[in-house]
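Only one structure is covered here, and it is reproduced in the block below.
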Amino acid sequence: MDGLKPVTILLVEDDRGDQKLIKRSLTDQKIANDVFIAESAENALEYLQRTKNDDGQCPRPELILLDLNMPGMGGKEFLRRIKADADFDTIPVVILTTSNSEKDVLESYKLQAAGYVNKPVSMEGFKEIMNELCEYWFVICKRVSESQLACAKS
């Protein structure tokens with residue numbers, strides 16, 4: 001993974017302990033990811049709206065890691081809203097949650113989640129999951145630049 005450019009990740013997670021574990025696990029990767037944390041789905045929507053200003057304070061994420069179970073607006077409603085917004089519908093969203101309910105998995109994929117991962121309970125588990133996510137999303141998958149997205153939408 002050496003030589004790859006940093007990737008902007010938006011982590012939508014209300015649990016501060018999980019935020020810390022996920023961020024530390026991402027930091028341990030060879031890619032110098034820029035991780036922005038939104039503690040609620042509402043804050044994440046505000047962050048995404050600010051990316052439209054292109055002022056550098058809120059860079060557009062190339063990946064969103066989303067917890068499903070949060071107070072206020074839940075993860076499914078957040079996913080529904082961003083996938084209905086032409087400005088954000090191409091951002092891959094990976095569900096990272098404690099729920100292993102088949103119903104949650106199916107609903108998430110119906111709402112166009114790019115992946116569904118159960119949160120591990122240990123630091124080693126988080127490191128393994130983050131390593132696999134980074135390998136898949138930033139090495140294996142072809143990424144599209146914002147200029148290519150703009151051309152495709154016009």
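Every chain in the structure tokens has a letter given in the order shown (A, B, ...), and although residue numbers restart at 1 in each chain, ligands are simply numbered from 1 in the order shown.
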Task: Residue neighbourhood A:Thr51, 6 Å, only C-alpha atoms, exclusion window fewer than 4 positions, as a PyMOL selection string - done: chain A and resi 58-60
Write out the residues from the selection above, keeping C-alpha atoms, as an mmCIF file, in the first residue's frame.
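New file again38.cif:
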```
data_model
loop_
_atom_site.group_PDB
_atom_site.id
_atom_site.type_symbol
_atom_site.label_atom_id
_atom_site.label_comp_id
_atom_site.auth_asym_id
_atom_site.auth_seq_id
_atom_site.Cartn_x
_atom_site.Cartn_y
_atom_site.Cartn_z
ATOM 1 C CA CYS A 58 -14.463 19.851 5.155
ATOM 2 C CA PRO A 59 -13.007 17.753 2.338
ATOM 3 C CA ARG A 60 -15.397 15.449 0.527
#
```
Task: chain A: residues DSSP assigns to strand (DSSP E or B), reported as number ranges by chain - done: A: 8-12, 34-38, 63-66, 93-97, 115-118
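If you measure from each of A:Ser99, A:Ile82, A:Phe126, A:Trp137 to A:Thr27 using only C-alpha atoms, the closest one turns out to be A:Phe126.
Counting only C-alpha atoms, the residue from A:Val105, A:Cys134, A:Ala113, A:Gln49 that sits nearest to A:Asp87 is A:Gln49.
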Open item on the list: Need the shell around A:Phe88: protein/DNA/RNA residues with any atom at most 12 Å away, counting only C-alpha atoms. Skip same-chain ones fewer than 5 positions apart. Format as an NGL selection string?
Closed with: :A and (44-45 or 47-49 or 51-52 or 60-64 or 78-83 or 93 or 146 or 149-150 or 153)
Serialized selection, N, CA and C atoms, as a PDB file, in the first residue's frame:
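Once everything was written out, this is result.pdb:
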```
ATOM      1  N   ALA A  44     -23.215  14.496  10.539  1.00  0.00           N
ATOM      2  CA  ALA A  44     -22.631  14.012   9.282  1.00  0.00           C
ATOM      3  C   ALA A  44     -23.277  14.695   8.078  1.00  0.00           C
ATOM      4  N   LEU A  45     -24.588  14.873   8.116  1.00  0.00           N
ATOM      5  CA  LEU A  45     -25.265  15.583   7.023  1.00  0.00           C
ATOM      6  C   LEU A  45     -24.780  17.029   6.927  1.00  0.00           C
ATOM      7  N   TYR A  47     -21.840  18.113   7.878  1.00  0.00           N
ATOM      8  CA  TYR A  47     -20.484  18.027   7.340  1.00  0.00           C
ATOM      9  C   TYR A  47     -20.536  17.901   5.812  1.00  0.00           C
ATOM     10  N   LEU A  48     -21.363  16.998   5.320  1.00  0.00           N
ATOM     11  CA  LEU A  48     -21.455  16.797   3.873  1.00  0.00           C
ATOM     12  C   LEU A  48     -21.928  18.066   3.166  1.00  0.00           C
ATOM     13  N   GLN A  49     -22.876  18.770   3.752  1.00  0.00           N
ATOM     14  CA  GLN A  49     -23.328  20.024   3.139  1.00  0.00           C
ATOM     15  C   GLN A  49     -22.185  21.034   3.076  1.00  0.00           C
ATOM     16  N   THR A  51     -19.109  20.357   2.640  1.00  0.00           N
ATOM     17  CA  THR A  51     -18.140  19.980   1.600  1.00  0.00           C
ATOM     18  C   THR A  51     -18.439  20.692   0.289  1.00  0.00           C
ATOM     19  N   LYS A  52     -19.665  21.113   0.116  1.00  0.00           N
ATOM     20  CA  LYS A  52     -20.040  21.817  -1.121  1.00  0.00           C
ATOM     21  C   LYS A  52     -19.379  23.181  -1.220  1.00  0.00           C
ATOM     22  N   ARG A  60     -14.419  16.476   0.889  1.00  0.00           N
ATOM     23  CA  ARG A  60     -15.397  15.449   0.527  1.00  0.00           C
ATOM     24  C   ARG A  60     -14.820  14.073   0.871  1.00  0.00           C
ATOM     25  N   PRO A  61     -15.573  13.268   1.617  1.00  0.00           N
ATOM     26  CA  PRO A  61     -15.058  11.935   1.951  1.00  0.00           C
ATOM     27  C   PRO A  61     -15.071  11.008   0.740  1.00  0.00           C
ATOM     28  N   GLU A  62     -14.089  10.124   0.714  1.00  0.00           N
ATOM     29  CA  GLU A  62     -14.039   9.103  -0.323  1.00  0.00           C
ATOM     30  C   GLU A  62     -14.633   7.800   0.179  1.00  0.00           C
ATOM     31  N   LEU A  63     -14.890   7.750   1.481  1.00  0.00           N
ATOM     32  CA  LEU A  63     -15.525   6.601   2.108  1.00  0.00           C
ATOM     33  C   LEU A  63     -16.204   7.076   3.380  1.00  0.00           C
ATOM     34  N   ILE A  64     -17.409   6.550   3.630  1.00  0.00           N
ATOM     35  CA  ILE A  64     -18.112   6.826   4.880  1.00  0.00           C
ATOM     36  C   ILE A  64     -18.258   5.507   5.624  1.00  0.00           C
ATOM     37  N   PHE A  78     -29.956   8.138   7.505  1.00  0.00           N
ATOM     38  CA  PHE A  78     -28.818   8.880   6.951  1.00  0.00           C
ATOM     39  C   PHE A  78     -28.456   8.316   5.582  1.00  0.00           C
ATOM     40  N   LEU A  79     -28.345   7.007   5.497  1.00  0.00           N
ATOM     41  CA  LEU A  79     -28.005   6.343   4.236  1.00  0.00           C
ATOM     42  C   LEU A  79     -29.050   6.657   3.165  1.00  0.00           C
ATOM     43  N   ARG A  80     -30.307   6.589   3.529  1.00  0.00           N
ATOM     44  CA  ARG A  80     -31.407   6.897   2.602  1.00  0.00           C
ATOM     45  C   ARG A  80     -31.247   8.321   2.052  1.00  0.00           C
ATOM     46  N   ARG A  81     -30.947   9.254   2.927  1.00  0.00           N
ATOM     47  CA  ARG A  81     -30.843  10.664   2.512  1.00  0.00           C
ATOM     48  C   ARG A  81     -29.649  10.921   1.599  1.00  0.00           C
ATOM     49  N   ILE A  82     -28.494  10.382   1.940  1.00  0.00           N
ATOM     50  CA  ILE A  82     -27.350  10.698   1.077  1.00  0.00           C
ATOM     51  C   ILE A  82     -27.414   9.974  -0.266  1.00  0.00           C
ATOM     52  N   LYS A  83     -28.017   8.803  -0.295  1.00  0.00           N
ATOM     53  CA  LYS A  83     -28.138   8.100  -1.570  1.00  0.00           C
ATOM     54  C   LYS A  83     -29.213   8.734  -2.457  1.00  0.00           C
ATOM     55  N   VAL A  93     -20.556   3.850   1.176  1.00  0.00           N
ATOM     56  CA  VAL A  93     -20.869   3.839   2.604  1.00  0.00           C
ATOM     57  C   VAL A  93     -20.788   2.398   3.088  1.00  0.00           C
ATOM     58  N   GLU A 146     -13.092  13.516  -8.309  1.00  0.00           N
ATOM     59  CA  GLU A 146     -14.256  14.400  -8.318  1.00  0.00           C
ATOM     60  C   GLU A 146     -14.484  14.975  -9.707  1.00  0.00           C
ATOM     61  N   LEU A 149     -16.320  12.470 -11.686  1.00  0.00           N
ATOM     62  CA  LEU A 149     -17.716  12.420 -11.248  1.00  0.00           C
ATOM     63  C   LEU A 149     -18.505  13.571 -11.856  1.00  0.00           C
ATOM     64  N   ALA A 150     -17.909  14.761 -11.849  1.00  0.00           N
ATOM     65  CA  ALA A 150     -18.590  15.936 -12.393  1.00  0.00           C
ATOM     66  C   ALA A 150     -18.896  15.740 -13.870  1.00  0.00           C
ATOM     67  N   LYS A 153     -21.795  13.289 -14.397  1.00  0.00           N
ATOM     68  CA  LYS A 153     -23.113  13.803 -14.015  1.00  0.00           C
ATOM     69  C   LYS A 153     -23.626  14.861 -14.982  1.00  0.00           C
TER      70      LYS A 153
END
```
TODO: Within 7 Å of A:Gly75, counting only C-alpha atoms, which residues show up once you throw out same-chain ones fewer than 6 positions away? Write them as a ChimeraX atom specification, please.
DONE: /A:41,66-69
So that I have them on file, write out the residues from the current selection with N, CA and C atoms, as an mmCIF file, in the first residue's frame.
```cif
data_model
loop_
_atom_site.group_PDB
_atom_site.id
_atom_site.type_symbol
_atom_site.label_atom_id
_atom_site.label_comp_id
_atom_site.auth_asym_id
_atom_site.auth_seq_id
_atom_site.Cartn_x
_atom_site.Cartn_y
_atom_site.Cartn_z
ATOM 1 N N ALA A 41 -25.776 11.285 12.953
ATOM 2 C CA ALA A 41 -26.124 11.349 11.535
ATOM 3 C C ALA A 41 -26.417 12.794 11.128
ATOM 4 N N LEU A 66 -20.264 3.992 8.698
ATOM 5 C CA LEU A 66 -21.512 4.395 9.333
ATOM 6 C C LEU A 66 -22.010 3.376 10.344
ATOM 7 N N ASP A 67 -22.243 3.846 11.561
ATOM 8 C CA ASP A 67 -22.907 3.031 12.568
ATOM 9 C C ASP A 67 -24.411 3.119 12.306
ATOM 10 N N LEU A 68 -25.111 2.026 12.475
ATOM 11 C CA LEU A 68 -26.567 2.038 12.260
ATOM 12 C C LEU A 68 -27.322 2.561 13.467
ATOM 13 N N ASN A 69 -26.894 2.164 14.657
ATOM 14 C CA ASN A 69 -27.662 2.428 15.868
ATOM 15 C C ASN A 69 -27.138 3.658 16.589
#
```
TODO: From a DSSP pass on the backbone, collect the residues of chain A flagged as alpha helix (DSSP H) and hand them back as an MDAnalysis selection string.
DONE: chainID A and resid 16:27 41:51 75:83 102:110 123:135 146:153
- [ ] Fewer than 5 positions away in the same chain doesn't count, so skip those; otherwise give me all residues within 10 Å of A:Val121, counting only C-alpha atoms, as JSON, numbers by chain.
- [x] {"A": [18, 21, 98, 126]}
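The smallest atom-to-atom distance between A:Val117 and any of A:Glu132, A:Ile95, A:Phe36, A:Glu102, using only C-alpha atoms, is found for A:Ile95.
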Task: Test item: residues at most 10 Å from A:Ile129, only C-alpha atoms, excluding those fewer than 3 positions along its chain, as a ChimeraX atom specification - done: /A:22,25-26,96,117-120,123-126,132-135
- [ ] Measure the distance from atom CA of A:Asn33 to atom CA of A:Leu111 in Å and round it to one decimal.
- [x]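 Atom CA of A:Leu111 lies 26.0 Å from atom CA of A:Asn33.
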